[in-house]
Every structure is written in C-alpha cells, then in structure tokens.
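Written out below as structure tokens is the structure these notes cover.
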Amino acid sequence: MEAEEERFPTLRQVLLFFVFLAQTCAEQEGYSVTEETESGSFVANLAKDIGLEVRELSRRRARVIFNNNKQHFLLNLQTGDLQVNEKLDREELCGPTDPCVLQFQVLLEDPLEVYRFKLLVRDINDNSPVFPEAKMILKVMENTLPGTVFPLKNAQDLDVGINNVQNYTIYPNIHFHVLTRNGSEGRRYPALVLDKALDREEQPELRLTLVAIDGGAPPKSGTALVLIDVLDINDNAPEFVQPLYRAQILESSSLGSHVVTVSARDLDVGINGEVFYSFFYGDEEITRTFALNELTGEITIIRKLDFEKIVSYEVDIKASDGAGLSGKCTVIIQVVDINDNTPELTVASLTSSIPENSPETTIALFSVQDPDSGENGRMVCSIQEGIPFTLKPSVENFYKLVTEGPLDRENQAEYNVTITVTDMGTPRLKTQHNITVLVSDVNDNAPAFTQTSYTLFIQENNSPALHFGSVSATDRDAGANAQVTYSLLPPQDPNLPLDSLVSINADNGHLFALRALDFEALQAFEFRVGATDRGAPALSSQALVRVQVLDANDNAPFVLYPLQNGSAPCTELVPRAAEPGYLVSKVVAVDADSGQNAWLSYQLLKATEPGLFGVWAHNGEVRTARPLSERDAAKHRLLLLVRDNGEPPLSASVTLHVLLVDGFSQPYLPLPEAAAEAAPADPLTVYLMIALASVSSLFLFSVLAFIAVRLCRRSRAGWGGGGSVPEGHFPGHLVDVGGMGTLSQSYQYEVCLNGSSGTTSEFKFLKSVASNHLGSTNGVEENSNSVNGFGFN
C-alpha cells in the first residue's frame, strides 16, 4: 500500500506539469521584417511584448526556437530585443509562396513558459525576369496573313506580387507587336501578332528582342531573342557562285585532304532550297581519285596523287534541288609538284685500294639523277671536309672522286668518304653513299727505337743468361714492312768482347748477360743495337745501349796496418804516463768494393783488460780510454774488427799488441820466444791468422814480403847510424791511404825488431809529421836513451 501511495503522487506531478505547460503557451501577435535586412538589425522588443522585466530573461534562461531549426534571429538578453542574426532571402525561405511567414517560439524556464510568434518576411525587388530560353525560333510562311497570333514562352521572376512580371514589349516592331495575356495563376504571357505580310526573298529572317518588365521600384527587366524564320516556296533553280573553279593541291597531300568546295545557291528555302552535289559524268580516274560531298560540295582526295603521272584534273559538278532543278560548273585541279623524290646515285666504277704515295688517282666514277622537276630536280654533290679527296664533274650528270695528292698510310690507313647528293627543293632531300678507301702500305718508314739511348743496370756476379733489359723499336709501316729484327752491331772499342758479354733476342729485343760480370774488373760498357724491317728494300736504325755494372759486396776489408805477420807481430809501446785519449795506433784498411760497400767501421772485439783501450768507429784510431796505473798489466792484446757497410756486411780482424813501459829511455821488447809462446795461448788469433792466410792472394804475400825487406834494411841503417832518424817522408805503407778511414798523417811510427840471439833491438818514435809536406818531414824527433839493447829470455 505504501508503494502505491508513493507512485500516485508522482503521476499527479507529471499531469500538473503538462496542464501548466498548456496554460503557459500563449499565442502572440506577429512581426514583420524585409528580406536582405542587415545582420544585427532590430525587429521587436520581446520582453516588452511578453510583459517581463529584462533581468527575468536571463534568470529564466529565455531563448528563441525556429521551426526549421535555423537561428535566423537572436534574443539579446541584456535588452530584450529580437535582432536579425543573418540576412534573410525570401525566395530561399518560401519560394513562390506569398505571404512568407516564419514561426518561432520564445522558451522560458523556471517556471516553464512558451510564447509563439509569427514573422512576416516582406519581399523586395531583388530578382530580374528571366526567360527559360535565351533564343526562341519561330517559323512563319511568307504567305501568312496579317493578324495571325503566335504565342511565346513567358519569363520567370522569383519575386512575388507587384515585383513579378507585369508587362512585355518587343522591338523592332515593323512587322509584329506583342500582346500581354493574364494566366489563371496571375502570371502574364506574351504573344506575337503579325501586322504586315512577310516576303522571304526580301527578308528571309527577322531578329526581334522580347523584353519582360516587372512592377518593382525601380523596375527590372529580362530579354530574349526571337528569331523569325520566313519559309519560302520552290520557285528558283540552283545556281553556282562561279561557273569555273580553279584549285591547286600538293601531290603529297594525305588522304581526305580538302581540295576545293563548290557552292550553288537556291533562292528557295526549306526542302525547296536544299542543294545536292554530284559529278556531272562518271569518269573512272576522277571518281577513283576524288570524293564529292553531296551536301556541302566539298571535294576531297581518296587516292594518292603523283605529279609525275598526272599534272591536272578537269571535273564537272552538278547541283540539284529537291524539285529536280539543277546547275553546272567546272573545277580544274592543278597538282603541285613537291620535292618527294630523293636524288639517286649510281656508281659506275670503284677502286677500293690504292698504294700510298701515289699521285692524283681516280677512286670512283658515279652518276646522279632526280625524278622531280624544276628546283626540286636540281642537284648538288659534295663530300665531307677534312679528307684528301675532291669531286670533279664529268660528262652530263657524271662525277669523279679523285685524291688531292699522295696519301700517307701511316697517317691514316683507311678513309670513309661520304658522297652527299642534295637537291634544291623545299625541304631539301639528300642521298648519301659511303665509299671506303684503303691505303696499301709501302716500306717508307725505318724502325724507330723508343729511345735513342738506353741505360741498363746489372748486378755483378749475375747468373749467366740473365735477362737484364730490353730495347724496343716500332715501325709505322704494316705487314712485313713493320716486322722488326734486332741485332748487335760491332762495338767501337775493338777490345770489348761484346759477343762473350751480351746477346740479344732477334724477335723481341731482350738483352741477356752471357756470363757473370765483375764490377771490380768491368764497371760499365756500351754498345749499339740495330733494328731492321723486312721490307724491300729493308730499312734499319740504331740505338746506343749503356750497361752499368752495379757493385755487390763481394770483397771483405783488407788490413794494411798493422801488418799481420806471424813471425814478427806488431807491438805498440805506450808510456804509463799517457793521458786518456792517447793515440796508441791506427788501423789502416781498404775495401776493393765501392760506394757504401766500401764504407768501413771499426770495433774492438776483445781486449786483455776491457775498458783500458777504445777504437774510433770511423777512422780506426786506437786510444787510451782512462789513465794508466801501476796495477795495469804490461802486455795487452787487442782484437779489432773491420766491417764494411754492404749487405750482407763483410769483415776482417786484426790483432794489435800493446806494451806498457815506464819511459822510452829503456825500451822493452819481447823476445821472439815469448811471442811464439803467447800465440798458442789464444786460439782466436790462430783461427783469424789461418783465415787471413787462406783468403790472401799471391799479390798480398808479395806486398808483405816487400814491406818486411824494407823494414829490415831501414832498421839496419838506423842501427849503423847510431839511432839517428832519417830526414824526409816516411814509407808510403805507413801513411793514410787515400781517405779510406785509416791512419791520420799526423803520426807515423817505425818499429824494427831483431829477433836474433844476443843482439839488441832499437825503437824509434816520431810524432807531429805534417801531412801537407810531401817532400820533407818537419817534425820533432825523439830518441830513446842510448842503450845497447834489451834482452828477452
């Protein structure tokens, strides 16, 4: 029960709402506005008409609703005015309906109220009358009686009322006037009334302007063209405009091309005035070549024309109307020649190959012709520029192609001559013919070496038959004339055994060494090679070949000083008071090689007391490295290595004996037995001496023997002279050899040992010998104290 009681009060509230809504919907009076009114224009004050205060419009959320759901107007809630929202077009809103009324509602909420309003949109004259057709055609027989009425189409005006079409006029109105008739729906229709009889021969057509005027202020109007076509009767035969037509057409005209159009006139109109064209008689050549349009009189081509076959055509044309009346004319068609034939070239004789260096020679004889006439048949012959040929005219249309002079095959072996024949027509046509001329070879070029002289290099100690270089010669001729054969020419030096040194491949110019070469024996030689072709007669040329033998490091350094004599070893005396850097001796060595293979360097391999002596790497000077002391041994043995700069490097060793003495007043010389006992004590020395002895040549032994003899003689002379030092230059074998990195010329020594039993030996020391005085010796001589000798047991 409680649920039912709750449902019934809700239903009662809904019913009361609809009753209240019905009571609040009030019909209000209407408003009006002119179409095209500007946006924002005032229409009415709705708040005043409804009877509400302006502030209540905002509180009750008032709004305007149109039936078409378009917002044509706006309600200003600040003033209560109804304003135009957008321009209104009555014709768009209502069309032809009159009056044009729009309905809208004003909706208020809290409480809900709806007010209905009507708005009348007033029409203005903003549209002109428009005829449905801009041109109306009216056909009238020329025998039509005056007073006949011809209805016309009316004009349309989108405006309504007085702004719609009210009246019609026509001009010029010599033959007609217009009547304005009212229709059942208030529309007005025009009608033409014939006032004066028509004459088609006098005026076959009349052009009238129909004007529709509305009643607006100011009035607007629309116009349409009324074309009066006066119809005639058949009382005239067709007649051509001219009895004779002349036409020209190019022979190259395409099918369907227009030739000429004939025209016949018939004063009648309609079917009586229709003219039909045809050929007067059926000539087969004409009917197969031309076509005639029976309606237009146009003559066209249906077959290709050829001026060379038919120059002109004469055609008779008949014009007939529908009643059987006819007329006749003649058409003369002239075919115009065009340049449609290219010139023709025919070769009568041809020589395709000629020897080079030949005088003026005829290559070809040819003729030219062109089937065209006039300028189209006149021809000009030419060849391209830049070739040694020319054209010479012969009889009638014949021409000769000849050479301008001797040809050189080496310059160009083949010529492509293009003969161009051009006519003088428009456009110009041409024919081209290519002739290939081959120039045969003559042996007029000797072989030419790529170089006038060749410089070749070969390493010494080469293997026999080694290919060490090539010479190359080319011959500009061809075939056998260009085949080159190489040979060695006799050398200018009769002592040069060229046949045993070098050979050459006759086909390709490769040079081969026949035996191993030795730089030390032969450093360079030169010879000439010849290149001969196989032409008749044969031609040849020469080139000079210089061969440089490159040095190899195949010679070890040879030590000149100190002398390596097993029976009398070289001993240097050094005072114990010597300062560091004291010159003990200098190793003098030479190398038979050259260049960097002969650059020597020196190295101390082994010493009795390391650190006491040192050797300079570049000049071989042996000097003390520190001060000498009493603890240092008296006898020292130095093993020195002399190495060249070759690849791989070669070397030689030398042993230097040094004896430390307290002073030069009592020279101390070892006994031969002591030296002999010391040799076996060092195996390295024995091995080095054996190797040196095996490598040395007979010449070396001779030199050593000669030096030993000289030393012995000089020592005897010094002994007999009481120890005096001879004046003059010292022996050459003790002096620096030609800048080879040996003993400097500032110091020279002479040591003479006598190993005989019971005899004494003498030591002489000299220093500061000027190297630039070759004839005399300006030095200070220092003699040891006069002692008969030292004994070594």
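Going through the structure tokens in order, the chains are called A, B, and so on, while each chain numbers its residues from 1 and the ligands are numbered from 1 in the order shown.
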Could you pull out the residues in range 150-376 of chain A that DSSP calls helix (DSSP H, G or I) from the backbone, as a list in words? Gly161, Ile162, Asn163, Gly270, Ile271, Asn272, Glu284, Glu285, Ile286, Thr287, Arg288, Thr289, Gly374, Glu375 and Asn376 of chain A
Report as JSON lines: every residue of range 228-319 of chain A with an atom at most 12 Å from range 337-359 of chain A, its closest pair of atoms, and their distance in Å to one decimal, counting only C-alpha atoms, with rows sorted by chain and ascending residue number.
{"residue": "A:Gln248", "atom": "CA", "partner": "A:Asp337", "partner_atom": "CA", "distance": 10.1}
{"residue": "A:Ile249", "atom": "CA", "partner": "A:Asp337", "partner_atom": "CA", "distance": 8.8}
{"residue": "A:Leu250", "atom": "CA", "partner": "A:Asp337", "partner_atom": "CA", "distance": 6.4}
{"residue": "A:Glu251", "atom": "CA", "partner": "A:Asp337", "partner_atom": "CA", "distance": 6.0}
{"residue": "A:Ser252", "atom": "CA", "partner": "A:Ile338", "partner_atom": "CA", "distance": 7.0}
{"residue": "A:Ser253", "atom": "CA", "partner": "A:Ile338", "partner_atom": "CA", "distance": 9.9}
{"residue": "A:Leu305", "atom": "CA", "partner": "A:Asp337", "partner_atom": "CA", "distance": 9.8}
{"residue": "A:Asp306", "atom": "CA", "partner": "A:Asp337", "partner_atom": "CA", "distance": 8.2}
{"residue": "A:Phe307", "atom": "CA", "partner": "A:Asp337", "partner_atom": "CA", "distance": 5.5}
{"residue": "A:Glu308", "atom": "CA", "partner": "A:Asp337", "partner_atom": "CA", "distance": 8.0}
{"residue": "A:Lys309", "atom": "CA", "partner": "A:Asp337", "partner_atom": "CA", "distance": 10.8}
{"residue": "A:Ile310", "atom": "CA", "partner": "A:Asp337", "partner_atom": "CA", "distance": 10.4}
{"residue": "A:Val311", "atom": "CA", "partner": "A:Asp337", "partner_atom": "CA", "distance": 8.4}
{"residue": "A:Ser312", "atom": "CA", "partner": "A:Asp337", "partner_atom": "CA", "distance": 10.8}
What does the file look like for those residues with all heavy atoms, as a CSV table (one decimal), in the first residue's frame?
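Just written: selection_20.csv:
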chain,number,residue,atom,x,y,z
A,248,GLN,N,44.6,24.3,-106.5
A,248,GLN,CA,45.9,23.6,-106.6
A,248,GLN,C,46.0,22.8,-105.3
A,248,GLN,O,45.6,23.2,-104.2
A,248,GLN,CB,47.0,24.7,-106.6
A,248,GLN,CG,47.1,25.4,-107.9
A,248,GLN,CD,48.3,26.4,-107.9
A,248,GLN,OE1,48.8,26.8,-106.9
A,248,GLN,NE2,48.7,26.8,-109.1
A,249,ILE,N,46.7,21.7,-105.4
A,249,ILE,CA,46.9,20.8,-104.3
A,249,ILE,C,48.2,20.1,-104.4
A,249,ILE,O,48.6,19.7,-105.5
A,249,ILE,CB,45.7,19.7,-104.2
A,249,ILE,CG1,45.9,18.9,-102.9
A,249,ILE,CG2,45.7,18.9,-105.4
A,249,ILE,CD1,44.7,18.1,-102.5
A,250,LEU,N,48.9,20.0,-103.3
A,250,LEU,CA,50.2,19.3,-103.3
A,250,LEU,C,50.1,17.8,-103.5
A,250,LEU,O,49.1,17.2,-103.0
A,250,LEU,CB,50.9,19.6,-102.0
A,250,LEU,CG,51.2,21.0,-101.6
A,250,LEU,CD1,51.8,21.1,-100.3
A,250,LEU,CD2,52.1,21.7,-102.7
A,251,GLU,N,51.0,17.3,-104.3
A,251,GLU,CA,50.9,15.9,-104.6
A,251,GLU,C,51.1,15.0,-103.3
A,251,GLU,O,50.7,13.9,-103.3
A,251,GLU,CB,51.9,15.5,-105.7
A,251,GLU,CG,53.4,15.7,-105.3
A,251,GLU,CD,54.3,15.1,-106.3
A,251,GLU,OE1,54.0,14.1,-106.9
A,251,GLU,OE2,55.4,15.7,-106.5
A,252,SER,N,51.7,15.6,-102.3
A,252,SER,CA,52.0,14.8,-101.1
A,252,SER,C,50.8,14.9,-100.1
A,252,SER,O,50.9,14.5,-98.9
A,252,SER,CB,53.2,15.3,-100.4
A,252,SER,OG,53.1,16.7,-100.0
A,253,SER,N,49.7,15.5,-100.5
A,253,SER,CA,48.6,15.7,-99.5
A,253,SER,C,48.1,14.3,-99.1
A,253,SER,O,48.0,13.4,-99.9
A,253,SER,CB,47.4,16.5,-100.2
A,253,SER,OG,47.9,17.8,-100.6
A,305,LEU,N,48.1,11.3,-104.9
A,305,LEU,CA,48.4,12.0,-106.2
A,305,LEU,C,49.8,11.8,-106.5
A,305,LEU,O,50.7,11.7,-105.6
A,305,LEU,CB,48.0,13.5,-106.0
A,305,LEU,CG,46.6,13.8,-105.7
A,305,LEU,CD1,46.5,15.3,-105.5
A,305,LEU,CD2,45.6,13.3,-106.7
A,306,ASP,N,50.1,11.8,-107.8
A,306,ASP,CA,51.5,11.7,-108.2
A,306,ASP,C,51.7,12.7,-109.4
A,306,ASP,O,51.2,12.5,-110.5
A,306,ASP,CB,51.8,10.3,-108.7
A,306,ASP,CG,53.3,10.1,-108.9
A,306,ASP,OD1,54.1,11.1,-108.9
A,306,ASP,OD2,53.8,8.9,-109.1
A,307,PHE,N,52.5,13.8,-109.2
A,307,PHE,CA,52.7,14.8,-110.2
A,307,PHE,C,53.4,14.2,-111.4
A,307,PHE,O,53.1,14.6,-112.5
A,307,PHE,CB,53.5,15.9,-109.6
A,307,PHE,CG,53.9,17.0,-110.6
A,307,PHE,CD1,53.0,18.0,-110.9
A,307,PHE,CD2,55.1,16.9,-111.2
A,307,PHE,CE1,53.4,19.0,-111.9
A,307,PHE,CE2,55.5,17.9,-112.1
A,307,PHE,CZ,54.6,18.9,-112.4
A,308,GLU,N,54.2,13.2,-111.2
A,308,GLU,CA,55.0,12.7,-112.3
A,308,GLU,C,54.1,11.9,-113.2
A,308,GLU,O,54.4,11.6,-114.4
A,308,GLU,CB,56.1,11.8,-111.7
A,308,GLU,CG,57.3,12.5,-111.1
A,308,GLU,CD,57.0,13.2,-109.8
A,308,GLU,OE1,56.1,12.6,-109.1
A,308,GLU,OE2,57.6,14.2,-109.5
A,309,LYS,N,52.8,11.5,-112.8
A,309,LYS,CA,51.9,10.7,-113.6
A,309,LYS,C,50.8,11.6,-114.2
A,309,LYS,O,50.6,11.6,-115.4
A,309,LYS,CB,51.3,9.6,-112.8
A,309,LYS,CG,52.2,8.5,-112.4
A,309,LYS,CD,51.5,7.4,-111.6
A,309,LYS,CE,52.4,6.3,-111.3
A,309,LYS,NZ,51.7,5.2,-110.5
A,310,ILE,N,50.1,12.4,-113.4
A,310,ILE,CA,49.0,13.3,-113.9
A,310,ILE,C,49.3,14.7,-113.3
A,310,ILE,O,49.4,14.8,-112.1
A,310,ILE,CB,47.7,12.8,-113.5
A,310,ILE,CG1,47.4,11.4,-114.1
A,310,ILE,CG2,46.6,13.7,-113.9
A,310,ILE,CD1,46.1,10.8,-113.7
A,311,VAL,N,49.3,15.7,-114.2
A,311,VAL,CA,49.6,17.0,-113.8
A,311,VAL,C,48.4,17.8,-113.3
A,311,VAL,O,48.4,18.5,-112.3
A,311,VAL,CB,50.3,17.8,-114.9
A,311,VAL,CG1,50.6,19.2,-114.5
A,311,VAL,CG2,51.6,17.1,-115.3
A,312,SER,N,47.2,17.5,-114.0
A,312,SER,CA,46.0,18.3,-113.6
A,312,SER,C,44.8,17.4,-113.9
A,312,SER,O,44.8,16.5,-114.7
A,312,SER,CB,45.9,19.6,-114.4
A,312,SER,OG,45.8,19.4,-115.8
Show me, as JSON lines, the residues of range 427-448 of chain A having an atom within 10 Å of range 382-400 of chain A, each with the closest atom pair and its distance in Å, using only C-alpha atoms.
{"residue": "A:Gln432", "atom": "CA", "partner": "A:Ile383", "partner_atom": "CA", "distance": 9.3}
{"residue": "A:His433", "atom": "CA", "partner": "A:Ile383", "partner_atom": "CA", "distance": 9.8}
{"residue": "A:Asn434", "atom": "CA", "partner": "A:Ile383", "partner_atom": "CA", "distance": 9.9}
Could the residues in this selection be written to a file with N, CA, C and O atoms, as a PDB file, in the first residue's frame?
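Contents of again02.pdb, as written:
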ATOM      1  N   GLN A 432      72.975   9.862 -99.479  1.00  0.00           N
ATOM      2  CA  GLN A 432      74.380   9.705 -99.103  1.00  0.00           C
ATOM      3  C   GLN A 432      74.848   8.317 -99.494  1.00  0.00           C
ATOM      4  O   GLN A 432      74.111   7.324 -99.356  1.00  0.00           O
ATOM      5  N   HIS A 433      76.080   8.268 -99.989  1.00  0.00           N
ATOM      6  CA  HIS A 433      76.689   6.997-100.369  1.00  0.00           C
ATOM      7  C   HIS A 433      78.094   6.954 -99.780  1.00  0.00           C
ATOM      8  O   HIS A 433      78.886   7.892 -99.968  1.00  0.00           O
ATOM      9  N   ASN A 434      78.403   5.875 -99.057  1.00  0.00           N
ATOM     10  CA  ASN A 434      79.694   5.742 -98.387  1.00  0.00           C
ATOM     11  C   ASN A 434      80.622   4.867 -99.217  1.00  0.00           C
ATOM     12  O   ASN A 434      80.227   3.790 -99.700  1.00  0.00           O
TER      13      ASN A 434
END
Using only C-alpha atoms, which residues sit within 6 Å of range 131-148 of chain A once same-chain residues fewer than 3 positions away are excluded, as a ChimeraX atom specification? /A:155,193-200,224-231
Could you write out the selected residues, including C-alpha atoms, as a compact mmCIF listing (two decimals), in the first residue's frame?
# COMPACT_ATOMS: atom_id res chain seq x y z
CA ALA A 155 9.56 34.98 -68.36
CA VAL A 193 0.69 39.40 -83.62
CA LEU A 194 1.66 39.72 -87.35
CA ASP A 195 0.89 43.28 -88.53
CA LYS A 196 2.47 43.23 -92.04
CA ALA A 197 2.90 40.44 -94.65
CA LEU A 198 6.37 38.82 -94.93
CA ASP A 199 8.50 38.40 -98.08
CA ARG A 200 11.23 35.74 -97.79
CA ALA A 224 15.19 37.03 -75.08
CA LEU A 225 15.96 36.83 -78.81
CA VAL A 226 13.04 35.88 -81.06
CA LEU A 227 14.28 34.57 -84.42
CA ILE A 228 11.59 34.69 -87.14
CA ASP A 229 12.42 32.25 -89.95
CA VAL A 230 10.43 33.11 -93.07
CA LEU A 231 9.63 29.98 -95.07
